[in-house]
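Chemist: This structure is in structure tokens; I'll ask about it shortly.
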Amino acid sequence: MTKLHIFQRVANVLVYLFFLSATVYSVVAPPPDDEVGHEGLTYITPSFWVSSIWTVIHFLLGGFVIYQWFEPAHAAALHGVGWHFVISVLLSAGWLALLKSGHFIIGFIFVLLTASSVSFVFYNLEKNYPTSSIYDKLFIHAPFSLWHGWIVFSAVVNLFQAFTGLKEDGPTVFLRILVIFGILFLTSTAVGYVEYKKTKGDLTGAFVIGLGLVAIFTNQSDPWIHWTALGAAIITFIYPARPYVFKLVGRDTDAENSPLLG
């Protein structure tokens with residue numbers, strides 16, 4: 001173990017503790033004034049209970065900063081994740097602070113940067129550092145898969161916070177269409193997780209987005225948005241089972257072996 005590796009591990013621990021405190025503060029701190037709070041509401045805003053996903057993310061990331069000190073995690077933690085953990089944490093903390101202060105447009109820029117950093121880790125781990133134990137799955141792959149699904153969902157919500165808001169007479173037809181497009185994008189992303197990992201699927205990322213869609217369903221009363229979110233959530237929860245169902249019936253979900261292509 002080189003000094004640089006030790007420094008990287010220590011940096012991961014320190015930024016994790018900072019991230020934990022910043023997230024807790026953003027959740028339990030006094031709410032913003034009424035004006036900022038009202039500006040942050042949109043027709044895709046989910047119920048507040050969905051923010052409890054942060055608890056699971058922090059628990060698994062806590063496992064990551066502990067597991068990184070063990071030899072089996074060396075390659076994946078220090079090279080697969082690398083310094084992107086530090087970068088992602090700092091960007092995410094800045095994003096949460098911007099949302100808390102009502103700077104939604106700048107916050108949207110920060111959430112896109114965070115999503116880019118977390119996405120690098122997510123795809124790098126999947127492509128170059130496959131799991132070899134249950135600990136790899138729980139404390140290296142799972143936290144970044146969960147975080148990736150949550151940050152994608154949050155980016156869509158933040159986009160609407162930055163450029164839309166509530167109307168006195170309810171949502172216009174154009175706003176309804178935009179929200180439905182946002183919901184369909186989230187659903188297609190959850191489907192994309194499953195297709196990207198082929199026969200293995202990705203229950204974690206898809207499940208997070210599914211919970212987010214349920215939270216939209218429970219918080220929005222407009223019928224078009226309300227029921228679209230519910231239908232999308234059902235699809236999102238069911239679709240990850242597709243690879244396992246195909247295995248049971250003896251079909252291969254790999255496109256290279258699909259009879260339709262050859």
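To be explicit about the labels: the chains of the structure tokens are called A, B, and onward in the order shown, and within each one the residues are counted from 1, while ligands get numbers from 1 in the order they are shown.
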With only C-alpha atoms as the counted atoms, please give the residues lying no more than 10 Å from A:Thr187, apart from itself and same-chain residues fewer than 6 positions off, as number ranges by chain.
Modeler: A: 153, 181, 206, 209-210, 213, 229, 231-237, 239
Chemist: Keeping all heavy atoms for every residue in the selection just given, could you write it to a file as a tab-separated table (two decimals), in the first residue's frame?
Modeler:
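Saved as result16.tsv:
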chain	number	residue	atom	x	y	z
A	153	PHE	N	-32.93	10.57	-11.18
A	153	PHE	CA	-34.27	10.99	-10.79
A	153	PHE	C	-34.25	12.44	-10.30
A	153	PHE	O	-35.09	13.27	-10.68
A	153	PHE	CB	-34.81	10.07	-9.68
A	153	PHE	CG	-36.13	10.50	-9.14
A	153	PHE	CD1	-37.31	10.24	-9.83
A	153	PHE	CD2	-36.21	11.18	-7.93
A	153	PHE	CE1	-38.54	10.65	-9.33
A	153	PHE	CE2	-37.43	11.58	-7.42
A	153	PHE	CZ	-38.60	11.32	-8.13
A	181	PHE	N	-43.50	13.55	-20.30
A	181	PHE	CA	-42.24	13.23	-20.97
A	181	PHE	C	-41.14	12.94	-19.94
A	181	PHE	O	-40.33	12.03	-20.12
A	181	PHE	CB	-41.81	14.35	-21.90
A	181	PHE	CG	-42.30	14.20	-23.31
A	181	PHE	CD1	-43.18	15.11	-23.86
A	181	PHE	CD2	-41.88	13.13	-24.09
A	181	PHE	CE1	-43.65	14.97	-25.16
A	181	PHE	CE2	-42.33	12.97	-25.40
A	181	PHE	CZ	-43.23	13.90	-25.93
A	206	ALA	N	-33.10	0.60	-11.00
A	206	ALA	CA	-34.50	0.61	-11.43
A	206	ALA	C	-35.44	0.77	-10.24
A	206	ALA	O	-36.46	1.47	-10.32
A	206	ALA	CB	-34.82	-0.68	-12.19
A	209	ILE	N	-35.62	4.47	-9.06
A	209	ILE	CA	-36.47	5.27	-9.94
A	209	ILE	C	-37.93	4.91	-9.74
A	209	ILE	O	-38.82	5.78	-9.75
A	209	ILE	CB	-36.04	5.10	-11.40
A	209	ILE	CG1	-34.67	5.76	-11.61
A	209	ILE	CG2	-37.07	5.71	-12.35
A	209	ILE	CD1	-34.12	5.63	-13.01
A	210	GLY	N	-38.21	3.62	-9.55
A	210	GLY	CA	-39.58	3.20	-9.29
A	210	GLY	C	-40.15	3.84	-8.03
A	210	GLY	O	-41.31	4.30	-8.03
A	213	LEU	N	-41.03	7.41	-8.77
A	213	LEU	CA	-42.28	7.53	-9.51
A	213	LEU	C	-43.49	7.34	-8.60
A	213	LEU	O	-44.51	8.02	-8.75
A	213	LEU	CB	-42.30	6.52	-10.66
A	213	LEU	CG	-41.30	6.79	-11.79
A	213	LEU	CD1	-41.21	5.60	-12.73
A	213	LEU	CD2	-41.70	8.04	-12.57
A	229	ALA	N	-47.81	8.56	-13.54
A	229	ALA	CA	-46.72	8.20	-12.63
A	229	ALA	C	-46.94	6.81	-12.04
A	229	ALA	O	-45.98	6.03	-11.90
A	229	ALA	CB	-46.61	9.24	-11.51
A	231	GLY	N	-48.68	4.27	-13.42
A	231	GLY	CA	-48.44	3.29	-14.47
A	231	GLY	C	-46.96	3.11	-14.75
A	231	GLY	O	-46.48	1.98	-14.92
A	232	ALA	N	-46.23	4.22	-14.78
A	232	ALA	CA	-44.78	4.15	-15.01
A	232	ALA	C	-44.08	3.42	-13.87
A	232	ALA	O	-43.14	2.65	-14.11
A	232	ALA	CB	-44.22	5.56	-15.16
A	233	ALA	N	-44.53	3.65	-12.64
A	233	ALA	CA	-43.93	2.97	-11.49
A	233	ALA	C	-44.14	1.46	-11.57
A	233	ALA	O	-43.22	0.68	-11.30
A	233	ALA	CB	-44.52	3.51	-10.19
A	234	ILE	N	-45.33	1.04	-11.98
A	234	ILE	CA	-45.61	-0.39	-12.10
A	234	ILE	C	-44.71	-1.03	-13.14
A	234	ILE	O	-44.11	-2.09	-12.92
A	234	ILE	CB	-47.10	-0.61	-12.46
A	234	ILE	CG1	-47.99	-0.19	-11.29
A	234	ILE	CG2	-47.36	-2.07	-12.84
A	234	ILE	CD1	-49.47	-0.18	-11.61
A	235	ILE	N	-44.57	-0.36	-14.30
A	235	ILE	CA	-43.67	-0.87	-15.34
A	235	ILE	C	-42.24	-0.96	-14.83
A	235	ILE	O	-41.53	-1.96	-15.06
A	235	ILE	CB	-43.74	0.03	-16.58
A	235	ILE	CG1	-45.12	-0.05	-17.23
A	235	ILE	CG2	-42.65	-0.34	-17.59
A	235	ILE	CD1	-45.33	0.97	-18.33
A	236	THR	N	-41.83	0.07	-14.12
A	236	THR	CA	-40.45	0.13	-13.62
A	236	THR	C	-40.16	-0.97	-12.61
A	236	THR	O	-39.05	-1.53	-12.59
A	236	THR	CB	-40.19	1.51	-12.98
A	236	THR	OG1	-40.41	2.52	-13.97
A	236	THR	CG2	-38.76	1.62	-12.48
A	237	PHE	N	-41.14	-1.30	-11.79
A	237	PHE	CA	-40.93	-2.36	-10.80
A	237	PHE	C	-40.97	-3.75	-11.44
A	237	PHE	O	-40.27	-4.66	-10.99
A	237	PHE	CB	-42.00	-2.28	-9.70
A	237	PHE	CG	-41.75	-1.19	-8.69
A	237	PHE	CD1	-42.75	-0.30	-8.36
A	237	PHE	CD2	-40.52	-1.05	-8.08
A	237	PHE	CE1	-42.53	0.70	-7.43
A	237	PHE	CE2	-40.28	-0.06	-7.15
A	237	PHE	CZ	-41.29	0.83	-6.82
A	239	TYR	N	-40.34	-4.57	-14.82
A	239	TYR	CA	-39.40	-4.83	-15.91
A	239	TYR	C	-38.09	-5.49	-15.46
A	239	TYR	O	-37.56	-6.34	-16.19
A	239	TYR	CB	-39.10	-3.54	-16.66
A	239	TYR	CG	-38.49	-3.80	-18.01
A	239	TYR	CD1	-39.29	-4.04	-19.12
A	239	TYR	CD2	-37.11	-3.82	-18.19
A	239	TYR	CE1	-38.74	-4.31	-20.37
A	239	TYR	CE2	-36.55	-4.08	-19.42
A	239	TYR	CZ	-37.37	-4.32	-20.51
A	239	TYR	OH	-36.81	-4.60	-21.73
Chemist: Show me, as a ChimeraX atom specification, the residues that have an atom within 12 Å of A:Ala142 when counting only C-alpha atoms, minus same-chain residues fewer than 3 positions from it.
Modeler: /A:56-64,121-122,125-126,130-131,134-139,145-149,202-208
Chemist: Under the rule of at most 10 Å, produce a per-residue listing of stretch 139-205 of chain A near stretch 77-98 of chain A: chain, number, name, the closest pair of atoms, and the distance in Å, as CSV, using only C-alpha atoms.
Modeler:
residue,atom,partner,partner_atom,distance
A:Phe139,CA,A:Ala77,CA,9.6
A:Ile140,CA,A:Ala77,CA,7.1
A:His141,CA,A:Val81,CA,9.7
A:Phe144,CA,A:Val81,CA,9.2
A:Ile151,CA,A:Ser92,CA,9.1
Chemist: Quick one: everything within 7 Å of stretch 155-168 of chain A, counting only C-alpha atoms, minus sequence neighbours fewer than 2 positions away in the same chain. Send it as a ChimeraX atom specification.
Modeler: /A:39-45,104-105,108,111-112,151-153,170-171,182
Chemist: Give me, please, the distance in Å between atom CA of A:His226 and atom CA of A:Thr23, quoted to one decimal.
Modeler: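 So the two atoms, atom CA of A:His226 and atom CA of A:Thr23, lie 28.5 Å apart.
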Chemist: Write down as a ChimeraX atom specification the residues belonging to stretch 95-259 of chain A that are assigned alpha helix (DSSP H) by DSSP computed on the backbone.
Modeler: /A:95-100,104-128,134-136,142-163,173-196,203-219,223-238,242-248
Chemist: Would you mind reading off the distance between atom CA of A:Thr114 and atom CA of A:Leu99, one decimal, in Å?
Modeler: 13.8 Å
Chemist: Any idea what's packed within 9 Å of A:Ile180, counting only C-alpha atoms, ignoring anything in its chain fewer than 5 positions away? Could you give it as a ChimeraX atom specification?
Modeler: /A:44,175,185,224-225,228-229
Chemist: Which value, in Å to one decimal, gives the distance between atom CA of A:Leu186 and atom CA of A:Thr172?
Modeler: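 Atom CA of A:Thr172 lies at a distance of 21.3 Å from atom CA of A:Leu186.
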